[in-house]
Structures are given as C-alpha cells and as structure tokens.
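Below is entry_32.tsv, holding TSV, C-alpha atoms.
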```tsv
chain	number	residue	atom	x	y	z
B	221	MET	CA	86.32	11.82	117.30
B	222	ALA	CA	86.60	15.29	118.78
B	223	THR	CA	86.36	18.30	116.48
B	224	ALA	CA	88.15	21.62	116.93
B	225	PHE	CA	84.93	23.35	117.96
B	226	SER	CA	82.62	23.70	120.92
B	227	ILE	CA	78.88	23.07	120.68
B	228	GLY	CA	78.26	26.79	121.22
B	229	GLU	CA	80.38	27.72	118.22
B	230	MET	CA	78.50	25.42	115.87
B	231	VAL	CA	74.94	25.63	117.26
B	232	GLU	CA	73.68	29.17	117.69
B	233	SER	CA	71.07	28.28	120.32
B	234	MET	CA	73.82	26.86	122.56
B	235	GLN	CA	75.95	30.00	122.57
B	236	HIS	CA	76.52	31.62	125.98
B	237	THR	CA	74.82	28.73	127.77
B	238	ALA	CA	76.03	26.54	130.62
B	239	LEU	CA	77.03	23.83	128.15
B	240	GLY	CA	78.13	26.06	125.27
B	241	GLU	CA	81.85	25.43	125.77
B	242	ASN	CA	81.60	21.63	125.73
B	243	LYS	CA	83.59	20.03	122.94
B	244	LEU	CA	81.67	18.85	119.87
B	245	PHE	CA	82.40	15.31	118.70
B	246	ARG	CA	81.79	13.68	115.33
B	247	GLY	CA	79.93	10.37	115.30
B	248	GLY	CA	80.13	9.51	111.61
B	249	SER	CA	79.30	10.71	108.10
B	250	ASP	CA	75.53	10.10	108.24
B	251	GLY	CA	72.82	12.01	110.04
B	252	GLU	CA	72.51	15.31	108.14
B	253	ASP	CA	74.58	17.18	110.76
B	254	LYS	CA	72.07	16.58	113.56
B	255	VAL	CA	73.43	16.87	117.11
B	256	MET	CA	72.63	14.61	120.07
B	257	MET	CA	73.60	15.00	123.72
B	258	LEU	CA	74.70	11.91	125.66
B	259	HIS	CA	74.96	11.60	129.45
B	260	THR	CA	74.41	9.19	132.35
B	261	PHE	CA	71.98	11.21	134.49
B	262	ALA	CA	68.51	9.72	134.98
B	263	GLY	CA	67.20	12.87	136.66
B	264	VAL	CA	67.43	15.08	133.57
B	265	ASP	CA	63.93	15.97	132.37
B	266	GLY	CA	63.24	15.02	128.78
B	267	ALA	CA	66.11	12.54	128.58
B	268	ILE	CA	65.49	9.10	127.08
B	269	GLN	CA	67.50	6.05	128.12
B	270	VAL	CA	69.04	3.95	125.34
B	271	GLY	CA	67.76	0.46	126.18
B	272	ASP	CA	69.03	-0.48	129.62
B	273	SER	CA	72.56	0.84	128.99
B	274	GLY	CA	72.52	3.69	131.50
B	275	VAL	CA	73.21	6.13	128.65
B	276	TYR	CA	70.63	8.87	128.12
B	277	ILE	CA	69.94	11.11	125.13
B	278	GLY	CA	68.49	14.61	125.25
B	279	GLY	CA	67.10	16.94	127.88
B	280	SER	CA	69.41	19.88	127.17
B	281	GLU	CA	67.23	22.56	128.80
B	282	SER	CA	66.95	20.64	132.05
B	283	ALA	CA	70.66	19.78	131.90
B	284	GLN	CA	71.64	23.44	131.61
B	285	ASP	CA	69.52	24.36	134.64
B	286	LEU	CA	71.07	21.55	136.68
B	287	VAL	CA	74.59	22.63	135.68
B	288	VAL	CA	73.92	26.30	136.44
B	289	ASN	CA	72.60	25.38	139.89
B	290	GLY	CA	75.63	23.22	140.61
B	291	HIS	CA	73.78	19.90	140.72
B	292	LEU	CA	75.57	18.27	137.77
B	293	PRO	CA	79.01	18.78	136.17
B	294	ARG	CA	79.30	20.37	132.75
B	295	SER	CA	81.79	17.67	131.76
B	296	GLY	CA	79.11	14.99	132.14
B	297	PHE	CA	77.40	15.97	128.88
B	298	LYS	CA	78.82	14.88	125.54
B	299	PHE	CA	77.66	16.40	122.24
B	300	ILE	CA	77.94	14.40	119.02
B	301	PHE	CA	76.95	15.45	115.52
B	302	ASN	CA	76.22	12.92	112.80
B	303	GLN	CA	76.32	9.17	113.24
B	304	CYS	CA	77.13	5.86	111.56
B	305	GLU	CA	74.20	4.09	109.94
B	306	TRP	CA	73.78	0.50	108.75
B	307	GLY	CA	71.04	-0.90	106.54
B	308	PRO	CA	69.02	-3.95	107.66
B	309	GLY	CA	71.32	-6.90	108.35
B	310	LYS	CA	74.54	-5.08	107.38
B	311	LEU	CA	75.91	-4.65	110.90
B	312	GLU	CA	75.20	-8.29	111.71
B	313	ARG	CA	77.12	-9.35	108.58
B	314	GLU	CA	80.08	-7.17	109.51
B	315	VAL	CA	80.15	-8.68	113.00
B	316	ARG	CA	80.19	-12.19	111.49
B	317	GLN	CA	83.00	-11.13	109.15
B	318	GLY	CA	85.09	-9.91	112.09
B	319	THR	CA	84.96	-6.22	111.26
B	320	PHE	CA	83.45	-5.59	114.71
B	321	ARG	CA	83.49	-7.44	118.01
B	322	VAL	CA	80.56	-7.35	120.41
B	323	GLY	CA	81.19	-6.34	124.01
B	324	VAL	CA	79.55	-4.65	126.98
B	325	MET	CA	80.56	-1.02	127.37
B	326	THR	CA	79.84	0.88	130.57
B	327	ALA	CA	77.85	4.09	130.37
B	328	GLU	CA	80.83	6.00	131.75
B	329	LEU	CA	83.09	4.67	129.00
B	330	ALA	CA	80.53	5.48	126.29
B	331	THR	CA	80.30	9.10	127.43
B	332	ARG	CA	84.02	9.61	128.07
B	333	GLN	CA	85.18	12.81	126.41
B	334	VAL	CA	88.53	12.01	124.80
B	335	ALA	CA	89.02	15.36	123.09
B	336	GLY	CA	92.59	15.15	121.86
B	337	GLN	CA	96.10	13.82	122.09
B	338	SER	CA	96.64	14.75	125.73
B	339	GLU	CA	93.56	12.83	126.89
B	340	ARG	CA	94.55	9.81	124.81
B	341	MET	CA	98.04	9.78	126.26
B	342	ARG	CA	96.62	9.81	129.80
B	343	ILE	CA	94.61	6.70	128.89
B	344	PHE	CA	97.75	5.07	127.48
B	345	ASP	CA	99.72	5.88	130.63
B	346	LYS	CA	96.97	4.53	132.89
B	347	ALA	CA	96.85	1.30	130.90
B	348	GLY	CA	100.64	0.93	131.02
B	349	ARG	CA	101.00	1.12	127.23
B	350	ILE	CA	104.24	2.38	125.75
B	351	ASP	CA	103.45	2.16	122.05
B	352	PRO	CA	102.14	5.57	120.87
B	353	ASP	CA	100.97	3.99	117.62
B	354	GLU	CA	98.62	1.57	119.37
B	355	PRO	CA	95.05	2.55	118.41
B	356	LEU	CA	92.92	4.05	121.15
B	357	TRP	CA	90.35	1.33	120.36
B	358	GLU	CA	92.74	-1.36	121.58
B	359	ILE	CA	93.07	0.42	124.93
B	360	LEU	CA	89.30	0.66	125.29
B	361	ARG	CA	88.96	-2.93	124.13
B	362	GLY	CA	91.02	-3.98	127.15
B	363	GLU	CA	88.86	-1.92	129.50
B	364	MET	CA	85.75	-3.59	128.06
B	365	GLY	CA	87.26	-7.01	128.74
B	366	LEU	CA	86.91	-8.29	125.17
B	367	LYS	CA	88.55	-11.68	124.64
B	368	GLY	CA	89.69	-13.54	121.58
B	369	PRO	CA	91.38	-12.26	118.41
B	370	LYS	CA	91.53	-8.56	117.75
B	371	ALA	CA	89.00	-7.06	115.42
B	372	LYS	CA	90.15	-6.45	111.90
B	373	VAL	CA	91.15	-2.82	111.50
B	374	ALA	CA	90.46	-1.53	108.04
B	375	LYS	CA	93.29	0.59	106.70
B	376	PRO	CA	92.27	3.94	105.18
B	377	GLN	CA	91.92	3.64	101.43
B	378	LYS	CA	92.91	6.39	99.06
B	379	THR	CA	89.89	7.96	97.49
B	380	GLU	CA	89.21	10.48	94.79
B	381	GLU	CA	86.18	11.81	96.65
B	382	LYS	CA	86.42	15.56	97.00
B	383	LEU	CA	85.66	17.53	100.12
B	384	ASP	CA	82.30	19.24	100.03
B	385	SER	CA	82.00	22.98	100.55
B	386	LYS	CA	80.92	22.63	104.19
B	387	LYS	CA	83.96	20.56	105.14
B	388	MET	CA	86.23	23.02	103.34
B	389	MET	CA	84.65	25.88	105.28
B	390	ILE	CA	85.16	24.07	108.60
B	391	LEU	CA	88.85	23.40	107.88
B	392	GLY	CA	89.29	27.08	107.07
B	393	MET	CA	87.69	27.92	110.42
B	394	VAL	CA	90.11	25.58	112.20
B	395	VAL	CA	93.04	27.51	110.72
B	396	GLU	CA	91.52	30.75	112.03
B	397	ARG	CA	91.15	29.14	115.48
B	398	ILE	CA	94.81	28.12	115.43
B	399	PHE	CA	95.84	31.72	114.89
B	400	GLU	CA	93.58	32.91	117.72
B	401	LEU	CA	95.31	30.50	120.12
B	402	ARG	CA	98.68	31.39	118.69
B	403	ASN	CA	98.25	35.10	119.34
B	404	LYS	CA	97.19	34.23	122.90
B	405	ARG	CA	100.42	32.21	123.29
B	406	ASP	CA	98.23	29.23	124.23
B	407	GLY	CA	100.20	26.16	123.20
B	408	VAL	CA	98.26	23.81	125.48
B	409	GLY	CA	95.03	24.93	123.82
B	410	LEU	CA	96.35	23.69	120.51
B	411	LEU	CA	96.99	20.12	121.69
B	412	PRO	CA	93.34	18.96	121.46
B	413	LEU	CA	93.41	19.85	117.75
B	414	LEU	CA	96.20	17.36	117.04
B	415	ASP	CA	95.83	13.84	115.75
B	416	LEU	CA	97.53	11.17	117.86
B	417	ASP	CA	100.54	10.85	115.56
B	418	ALA	CA	100.66	14.53	114.56
B	419	ILE	CA	103.93	16.00	113.32
B	420	VAL	CA	104.45	19.68	114.12
B	421	PHE	CA	107.68	21.33	112.97
B	422	GLU	CA	109.10	17.80	112.57
B	423	GLN	CA	108.29	16.98	116.22
B	424	GLN	CA	105.98	14.33	117.71
B	425	GLY	CA	104.60	13.90	121.24
B	426	ASN	CA	103.06	16.53	123.52
B	427	GLU	CA	106.24	17.68	125.24
B	428	ASN	CA	108.25	17.97	122.05
B	429	ILE	CA	105.45	19.75	120.22
B	430	LEU	CA	104.97	22.23	123.08
B	431	GLU	CA	108.71	22.97	122.99
B	432	ALA	CA	108.44	23.53	119.24
B	433	PHE	CA	105.52	25.90	119.81
B	434	GLU	CA	107.52	27.84	122.38
B	435	ALA	CA	110.56	28.09	120.12
B	436	SER	CA	108.75	28.84	116.86
B	437	TRP	CA	105.56	30.65	117.84
B	438	PHE	CA	105.80	32.16	121.29
B	439	ASP	CA	109.37	33.49	121.48
B	440	SER	CA	108.46	37.08	120.64
B	441	THR	CA	105.71	39.64	121.01
B	442	ALA	CA	105.02	39.64	117.28
B	443	ARG	CA	101.37	39.85	116.23
B	444	LEU	CA	100.34	37.34	113.62
B	445	GLU	CA	97.62	38.17	111.12
B	446	LEU	CA	96.14	35.41	108.98
B	447	ASN	CA	95.54	36.58	105.42
B	448	THR	CA	92.15	34.91	105.09
B	449	ASP	CA	91.87	35.51	101.35
B	450	THR	CA	94.92	33.26	100.84
B	451	VAL	CA	93.49	30.25	102.73
B	452	HIS	CA	93.21	27.45	100.18
B	453	VAL	CA	91.68	24.08	101.06
B	454	LYS	CA	92.65	21.25	98.74
B	455	ASP	CA	90.61	18.16	98.01
B	456	ASP	CA	92.89	15.97	100.14
B	457	GLY	CA	92.36	18.09	103.28
B	458	THR	CA	95.60	20.06	103.01
B	459	VAL	CA	95.26	23.77	103.80
B	460	THR	CA	97.78	26.36	102.63
B	461	TYR	CA	97.79	29.97	103.74
B	462	ASP	CA	99.82	33.17	104.04
B	463	PHE	CA	100.13	35.18	107.24
B	464	THR	CA	101.79	38.43	108.23
B	465	GLU	CA	104.14	38.75	111.19
B	466	VAL	CA	103.98	42.30	112.54
B	467	THR	CA	106.56	43.67	114.99
B	468	ASP	CA	107.32	47.11	116.42
B	469	SER	CA	110.51	47.27	114.37
B	470	LYS	CA	108.75	46.20	111.19
B	471	PRO	CA	105.14	47.44	111.36
B	472	GLU	CA	104.58	46.72	107.66
B	473	GLY	CA	105.02	43.06	108.51
B	474	THR	CA	106.74	40.03	107.02
B	475	ILE	CA	104.69	37.68	104.88
B	476	ARG	CA	105.16	34.02	105.73
B	477	GLN	CA	103.55	30.85	104.46
B	478	GLY	CA	102.14	27.76	106.16
B	479	LYS	CA	100.65	24.38	105.39
B	480	ILE	CA	98.47	22.09	107.52
B	481	LYS	CA	97.47	18.56	106.58
B	482	PHE	CA	94.23	17.41	108.23
B	483	SER	CA	92.89	13.92	108.89
B	484	PRO	CA	89.46	12.94	107.47
B	485	TYR	CA	88.02	13.89	110.87
B	486	GLY	CA	89.46	17.41	110.92
B	487	MET	CA	92.40	16.73	113.26
B	488	ILE	CA	95.86	18.15	112.48
B	489	ARG	CA	98.23	15.52	111.09
B	490	GLU	CA	101.09	17.76	109.96
B	491	LEU	CA	101.93	21.44	110.37
B	492	GLU	CA	104.85	23.24	108.81
B	493	GLU	CA	105.72	26.81	107.91
B	494	ASP	CA	108.05	28.75	105.62
B	495	VAL	CA	108.25	25.71	103.35
B	496	TRP	CA	107.70	26.73	99.76
B	497	TRP	CA	106.24	24.12	97.46
B	498	LYS	CA	104.68	23.83	94.05
B	499	ASP	CA	101.03	23.01	93.59
```
If you convert what's in this file into structure tokens, what do you get?
Amino acid sequence: MATAFSIGEMVESMQHTALGENKLFRGGSDGEDKVMMLHTFAGVDGAIQVGDSGVYIGGSESAQDLVVNGHLPRSGFKFIFNQCEWGPGKLEREVRQGTFRVGVMTAELATRQVAGQSERMRIFDKAGRIDPDEPLWEILRGEMGLKGPKAKVAKPQKTEEKLDSKKMMILGMVVERIFELRNKRDGVGLLPLLDLDAIVFEQQGNENILEAFEASWFDSTARLELNTDTVHVKDDGTVTYDFTEVTDSKPEGTIRQGKIKFSPYGMIRELEEDVWWKD
C-alpha cells in the first residue's frame, strides 16, 4: 500500500538524491520500520536476487548512479518499509485454510508501483472491469492466471487497539501535506493520497472529486493556513483540525474546521469541512 510520503521525506540519507522522490510503500506491520528497495535490474551492484524470481533487493548507491547517468529509470525502484511476518508453519496453514492462494507472479508485477486511486483505476480500465468496489487483488489475480475459487478475503474487524504515537505523528504530517498541495492548487497531487472508495465532499471517483476540489478549494486566491496546534488525531484514525482562510478583503482570516478519516494504511477514506460535530 502506498503511503503519502516519498522515501526522501522519511529517510534523511535519501533526501536530494536521484531516488529521493520515489513513493514509499508499506509492506506490513512487522519489521521495525526498516526499508527495502525492490527492482528487476541484475546489473545493480550490491543487489541480491530473491530466489530465481527476477526480483532484486538492495544496491541503492549503485542504483542512484545508474539513474543519474540515464542508464535506468527512477520509476524502476520501489521502496517498502516494514513487512508481513509468519512464524514457522503458519503461512502453510493459512494456505491450506484458503486464506491465501499460491501463484506465480512476474517480477514486473511484483515491483509495480500502484501509488493511489488513479493508478488503480487505470488497471481496472485495462482489465475491462466496471465495478469500482472490486478489490485490486482480484484484478492482479487475473493477471497472475490463478484458477479455482477465490481466496477468502478477511473483512476488517473492529478493534480497540489504539494508534501509537508514531502513527499519530504521521497522520498529522499527511494533513500538513494536504494543505501544501491545496495552497499550490494541485488537485491531481492529492489523488494518490485517496483510498479507492474515498468520499470527498460527498463525491466519489477521480473526476467527481477533482470537480469538488476545484469548486471548494481552488475557486479563489485565498491563502489557507493550517492551525497545527489544533490538529487532533483520534484512536480510530480520524483527524480533526482548524484552519484559517486569509483573503485580501479579510486579512484577519476566517476560521474553518475540517475532518479527515484515514484507513489503517494512512489513505484518506473521507474528507469533509465546515461540519461541526461533538466529540
């Protein structure tokens, strides 16, 4: 799952490098926030192939040199932090139980960078799918040629587990990023931050959401200032905040309020503003 951040924003040593603007993906909840770089290029020094899959891990210094010199594309390198881990025999049991199906995935498919709603919709269109609620996995499952019954998809269960301080900090940073894009009038830049079924100003789908952005956010030259001391991250991933809309006619500004509901992976599920609610 793509995050709202680039590798350069989250790893200091990658800032201002040839790969620093590549999107950072999340691989799971295990791994102590370690980052790995995946690619399909055998000629990258220091890279190690995963079995005989054609997927390689590592070799970032060599990769940056090759990108700078124009030998390899920046988009060919995928950064993932954290991972999913299984104890001895657990994955095998889950396969037998039907939680997972085993198939052969090409190296190109494994390193595909599906960073947001727009990329997902292009995959749907290419596959001739018309159901926007169909999971991305089912599209990829078709590309992998898996046969037989579909894998069982576990529905998210409600949990009382609270967000840790690091996750709360990251969601607060996402809100700040949204306001940066908003002041730049960059609606397209906001799309990768949206979950597939995101609802923004009661609208769904890229075209409708972009129209909502244009009508609600980009129809004036007002400057929007996020009041960072009002950003409040709740345990369920909902973020509330106040912001000030400053115009030439009203330089003291108008205070407005917003609310964003995030998915467990940090993608925007719902966004609404000027809706007053009780905690």
Contacts of Ile429 of chain B at 12 Å (all atoms listed in the file; same-chain gap of 4+ positions) as an mmCIF file with C-alpha atoms, keeping the file's coordinate frame:
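See result.cif below for the written result:
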```cif
data_model
loop_
_atom_site.group_PDB
_atom_site.id
_atom_site.type_symbol
_atom_site.label_atom_id
_atom_site.label_comp_id
_atom_site.auth_asym_id
_atom_site.auth_seq_id
_atom_site.Cartn_x
_atom_site.Cartn_y
_atom_site.Cartn_z
ATOM 1 C CA GLN B 337 96.100 13.820 122.090
ATOM 2 C CA SER B 338 96.640 14.750 125.730
ATOM 3 C CA GLY B 407 100.200 26.160 123.200
ATOM 4 C CA VAL B 408 98.260 23.810 125.480
ATOM 5 C CA LEU B 410 96.350 23.690 120.510
ATOM 6 C CA LEU B 411 96.990 20.120 121.690
ATOM 7 C CA LEU B 414 96.200 17.360 117.040
ATOM 8 C CA LEU B 416 97.530 11.170 117.860
ATOM 9 C CA ASP B 417 100.540 10.850 115.560
ATOM 10 C CA ALA B 418 100.660 14.530 114.560
ATOM 11 C CA ILE B 419 103.930 16.000 113.320
ATOM 12 C CA VAL B 420 104.450 19.680 114.120
ATOM 13 C CA PHE B 421 107.680 21.330 112.970
ATOM 14 C CA GLU B 422 109.100 17.800 112.570
ATOM 15 C CA GLN B 423 108.290 16.980 116.220
ATOM 16 C CA GLN B 424 105.980 14.330 117.710
ATOM 17 C CA GLY B 425 104.600 13.900 121.240
ATOM 18 C CA PHE B 433 105.520 25.900 119.810
ATOM 19 C CA GLU B 434 107.520 27.840 122.380
ATOM 20 C CA ALA B 435 110.560 28.090 120.120
ATOM 21 C CA SER B 436 108.750 28.840 116.860
ATOM 22 C CA TRP B 437 105.560 30.650 117.840
ATOM 23 C CA GLU B 490 101.090 17.760 109.960
ATOM 24 C CA LEU B 491 101.930 21.440 110.370
ATOM 25 C CA GLU B 492 104.850 23.240 108.810
#
```
Shortest interatomic distance to Phe225 of chain B - which of B:Arg397, B:Lys298, B:Lys310, B:Arg321, counting all atoms listed in the file: B:Arg397
Within 10 Å of file point (93.1, 33.5, 112.9), counting all atoms listed in the file, expressed as an NGL selection string: :B and (392-403 or 444-448 or 463)
Dump as a PDB file, in the coordinates of the input, selection limited to C-alpha atoms:
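Just written: selection02.pdb:
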```pdb
ATOM      1  CA  GLY B 392      89.290  27.080 107.070  1.00  0.00           C
ATOM      2  CA  MET B 393      87.690  27.920 110.420  1.00  0.00           C
ATOM      3  CA  VAL B 394      90.110  25.580 112.200  1.00  0.00           C
ATOM      4  CA  VAL B 395      93.040  27.510 110.720  1.00  0.00           C
ATOM      5  CA  GLU B 396      91.520  30.750 112.030  1.00  0.00           C
ATOM      6  CA  ARG B 397      91.150  29.140 115.480  1.00  0.00           C
ATOM      7  CA  ILE B 398      94.810  28.120 115.430  1.00  0.00           C
ATOM      8  CA  PHE B 399      95.840  31.720 114.890  1.00  0.00           C
ATOM      9  CA  GLU B 400      93.580  32.910 117.720  1.00  0.00           C
ATOM     10  CA  LEU B 401      95.310  30.500 120.120  1.00  0.00           C
ATOM     11  CA  ARG B 402      98.680  31.390 118.690  1.00  0.00           C
ATOM     12  CA  ASN B 403      98.250  35.100 119.340  1.00  0.00           C
ATOM     13  CA  LEU B 444     100.340  37.340 113.620  1.00  0.00           C
ATOM     14  CA  GLU B 445      97.620  38.170 111.120  1.00  0.00           C
ATOM     15  CA  LEU B 446      96.140  35.410 108.980  1.00  0.00           C
ATOM     16  CA  ASN B 447      95.540  36.580 105.420  1.00  0.00           C
ATOM     17  CA  THR B 448      92.150  34.910 105.090  1.00  0.00           C
ATOM     18  CA  PHE B 463     100.130  35.180 107.240  1.00  0.00           C
TER      19      PHE B 463
END
```
Long-range neighbours of segment 230-233 of chain B as number ranges by chain, 10 Å cut-off, all atoms listed in the file, 3 positions minimum in chain: B: 225-227, 236-237, 240, 244, 255, 390
Limited to C-alpha atoms, could you put the picked residues into a file as a compact mmCIF listing (two decimals), keeping the file's coordinate frame?
```txt
# COMPACT_ATOMS: atom_id res chain seq x y z
CA PHE B 225 84.93 23.35 117.96
CA SER B 226 82.62 23.70 120.92
CA ILE B 227 78.88 23.07 120.68
CA HIS B 236 76.52 31.62 125.98
CA THR B 237 74.82 28.73 127.77
CA GLY B 240 78.13 26.06 125.27
CA LEU B 244 81.67 18.85 119.87
CA VAL B 255 73.43 16.87 117.11
CA ILE B 390 85.16 24.07 108.60
```
Nearest candidate to Thr450 of chain B (options B:Ala238, B:Val466, B:Val322, B:Ile475; using all atoms listed in the file):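 Between B:Ala238, B:Val466, B:Val322, B:Ile475, the residue approaching Thr450 of chain B most closely is B:Ile475.
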Pairwise distance for atom CA of Asp253 of chain B and atom CA of Gly228 of chain B, rounded to one decimal in Å: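 According to the coordinates, atom CA of Asp253 of chain B and atom CA of Gly228 of chain B are separated by 14.7 Å.
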